[in-house]
Amino acid sequence: KKSKQQQQQQEDPVEAIPVEHIEETEDDDDDESIELLQVDLGDIVKMKQILDETVITTIAENVKEDFHWDNVKLVIMTSACLFACIAQFAPLPFPDSRPVLGICCCLYFILSGVLQMCVTFIDQDCILLTQPKKVGTKNKNLEKYGIRVRAKMPKYSEFYTLILQFQNMENSPCVQQTWSIGNFFDIDGMFDEVALVEAVQGAYDRLEKGKYDDTKKEKTT
């Protein structure tokens, strides 16, 4: 006689789940876990910030970032803050502290002005500086010079322009590409990061291969 457990197993057979179905279920779970970034389409500053950050991340995956100029600006800013702290917390009674306050305030405003001029006249539309790429490239310019990454998006404009050129190179060739932000944001403000990464990577590949653009002819997509 068969035991009750064996009879129950025969009556209720276990259905095998195909491996493909399991893999599809796992893929569906992964797709559902992806969170898309949503932006207010009226916030142009935020939209450009997201585009710039994605461009920086994409370029930095191909060539190392150069922090020298950023460190210089940090030193200037830190020095200005130190003079402000001295003026605020100097252990001197008030009329005796007037010379110290005057000197510290003057130095603070001078250093703040220098920093603002650096951002306005030197940085301009630059969002990233890179080191030269010594390994893994056949482009002689890229081996010798770093990349200056520039990004433009005029106010109330739908076009985002990316310019890749060589840092500290006189009459540097460049790769310039302009896209409509509608290529990367839908009507609800959902950001298609993958599309922008592919577009930026294509521009970088053209720079590395030496396929430069005529600056008089701007490519728009």
# chains A, B, ... in the order shown; residues from 1 in each chain; ligands from 1
>>> residues_around(residues="Gly136 of chain A", least_positions_apart="5", cutoff="10 Å", atoms="only C-alpha atoms", output="number ranges by chain")
A: 62-63, 143
>>> select_by_dssp(residues="segment 4-199 of chain A", states="strand (DSSP E or B)", output="JSON, numbers by chain")
{"A": [38, 65, 126, 127, 128, 129, 130, 147, 148, 149, 150, 151, 152, 159, 160, 161, 162, 163, 164, 165, 166, 174, 175, 176, 177, 178, 179, 180, 185, 190, 191]}
>>> residues_around(residues="Thr54 of chain A", least_positions_apart="2", cutoff="10 Å", atoms="only C-alpha atoms", output="number ranges by chain")
A: 48-52, 56-60, 193-194, 196-197, 200
>>> write_last_selection(atoms="N, CA, C and O atoms", output="mmCIF file, in the first residue's frame")
data_model
loop_
_atom_site.group_PDB
_atom_site.id
_atom_site.type_symbol
_atom_site.label_atom_id
_atom_site.label_comp_id
_atom_site.auth_asym_id
_atom_site.auth_seq_id
_atom_site.Cartn_x
_atom_site.Cartn_y
_atom_site.Cartn_z
ATOM 1 N N LYS A 48 19.481 72.488 -17.245
ATOM 2 C CA LYS A 48 20.874 72.603 -17.702
ATOM 3 C C LYS A 48 21.823 71.946 -16.708
ATOM 4 O O LYS A 48 22.817 71.327 -17.094
ATOM 5 N N GLN A 49 21.518 72.054 -15.418
ATOM 6 C CA GLN A 49 22.361 71.416 -14.415
ATOM 7 C C GLN A 49 22.395 69.899 -14.619
ATOM 8 O O GLN A 49 23.461 69.275 -14.559
ATOM 9 N N ILE A 50 21.245 69.305 -14.880
ATOM 10 C CA ILE A 50 21.173 67.859 -15.097
ATOM 11 C C ILE A 50 21.923 67.473 -16.362
ATOM 12 O O ILE A 50 22.669 66.483 -16.397
ATOM 13 N N LEU A 51 21.750 68.246 -17.429
ATOM 14 C CA LEU A 51 22.469 67.971 -18.674
ATOM 15 C C LEU A 51 23.976 68.091 -18.475
ATOM 16 O O LEU A 51 24.749 67.237 -18.937
ATOM 17 N N ASP A 52 24.416 69.148 -17.772
ATOM 18 C CA ASP A 52 25.851 69.345 -17.533
ATOM 19 C C ASP A 52 26.443 68.196 -16.717
ATOM 20 O O ASP A 52 27.532 67.705 -17.022
ATOM 21 N N ILE A 56 29.465 65.727 -17.857
ATOM 22 C CA ILE A 56 30.690 65.592 -17.070
ATOM 23 C C ILE A 56 30.960 64.128 -16.739
ATOM 24 O O ILE A 56 32.088 63.636 -16.876
ATOM 25 N N THR A 57 29.929 63.425 -16.307
ATOM 26 C CA THR A 57 30.096 62.016 -15.951
ATOM 27 C C THR A 57 30.530 61.192 -17.156
ATOM 28 O O THR A 57 31.413 60.327 -17.052
ATOM 29 N N THR A 58 29.939 61.462 -18.315
ATOM 30 C CA THR A 58 30.257 60.697 -19.521
ATOM 31 C C THR A 58 31.696 60.947 -19.978
ATOM 32 O O THR A 58 32.433 60.003 -20.293
ATOM 33 N N ILE A 59 32.113 62.206 -20.007
ATOM 34 C CA ILE A 59 33.477 62.526 -20.438
ATOM 35 C C ILE A 59 34.494 61.981 -19.435
ATOM 36 O O ILE A 59 35.552 61.455 -19.813
ATOM 37 N N ALA A 60 34.175 62.078 -18.130
ATOM 38 C CA ALA A 60 35.104 61.621 -17.101
ATOM 39 C C ALA A 60 35.301 60.106 -17.133
ATOM 40 O O ALA A 60 36.291 59.609 -16.584
ATOM 41 N N GLU A 193 18.383 59.736 -19.667
ATOM 42 C CA GLU A 193 19.827 59.850 -19.462
ATOM 43 C C GLU A 193 20.618 59.025 -20.475
ATOM 44 O O GLU A 193 21.676 59.447 -20.948
ATOM 45 N N VAL A 194 20.098 57.853 -20.823
ATOM 46 C CA VAL A 194 20.806 56.965 -21.742
ATOM 47 C C VAL A 194 20.999 57.645 -23.096
ATOM 48 O O VAL A 194 22.069 57.561 -23.705
ATOM 49 N N LEU A 196 21.212 60.855 -23.782
ATOM 50 C CA LEU A 196 22.226 61.906 -23.712
ATOM 51 C C LEU A 196 23.628 61.306 -23.590
ATOM 52 O O LEU A 196 24.568 61.798 -24.221
ATOM 53 N N VAL A 197 23.779 60.252 -22.800
ATOM 54 C CA VAL A 197 25.089 59.606 -22.659
ATOM 55 C C VAL A 197 25.582 59.117 -24.015
ATOM 56 O O VAL A 197 26.760 59.311 -24.375
ATOM 57 N N VAL A 200 26.626 62.206 -26.156
ATOM 58 C CA VAL A 200 27.890 62.794 -25.700
ATOM 59 C C VAL A 200 29.060 61.867 -26.029
ATOM 60 O O VAL A 200 30.124 62.324 -26.450
#
>>> atom_distance(atom1="atom CA of Thr178 of chain A", atom2="atom CA of Val119 of chain A")
23.5 Å
>>> select_by_dssp(residues="segment 87-184 of chain A", states="helix (DSSP H, G or I)", output="PyMOL selection string")
chain A and resi 87-89+95-123+140-144+181-183
>>> atom_distance(atom1="atom CA of Phe159 of chain A", atom2="atom CA of Gly182 of chain A")
8.7 Å
>>> residues_around(residues="segment 188-190 of chain A", least_positions_apart="5", cutoff="6 Å", atoms="only C-alpha atoms", output="mmCIF file with N, CA and C atoms, in the first residue's frame")
data_model
loop_
_atom_site.group_PDB
_atom_site.id
_atom_site.type_symbol
_atom_site.label_atom_id
_atom_site.label_comp_id
_atom_site.auth_asym_id
_atom_site.auth_seq_id
_atom_site.Cartn_x
_atom_site.Cartn_y
_atom_site.Cartn_z
ATOM 1 N N LEU A 37 14.458 60.288 -13.599
ATOM 2 C CA LEU A 37 14.509 61.622 -13.022
ATOM 3 C C LEU A 37 13.499 62.516 -13.732
ATOM 4 N N GLN A 38 12.672 63.197 -12.947
ATOM 5 C CA GLN A 38 11.660 64.087 -13.508
ATOM 6 C C GLN A 38 11.981 65.524 -13.118
ATOM 7 N N VAL A 39 11.852 66.425 -14.091
ATOM 8 C CA VAL A 39 12.202 67.824 -13.889
ATOM 9 C C VAL A 39 11.048 68.710 -14.335
ATOM 10 N N ASP A 40 10.893 69.821 -13.657
ATOM 11 C CA ASP A 40 9.922 70.823 -14.079
ATOM 12 C C ASP A 40 10.435 71.471 -15.367
ATOM 13 N N LEU A 41 9.673 71.348 -16.449
ATOM 14 C CA LEU A 41 10.126 71.860 -17.744
ATOM 15 C C LEU A 41 10.293 73.374 -17.755
#
>>> closest_residue(among="A:Ala151, A:Ala195, A:Glu158, A:Cys85", to="Ile181 of chain A", atoms="only C-alpha atoms")
A:Glu158
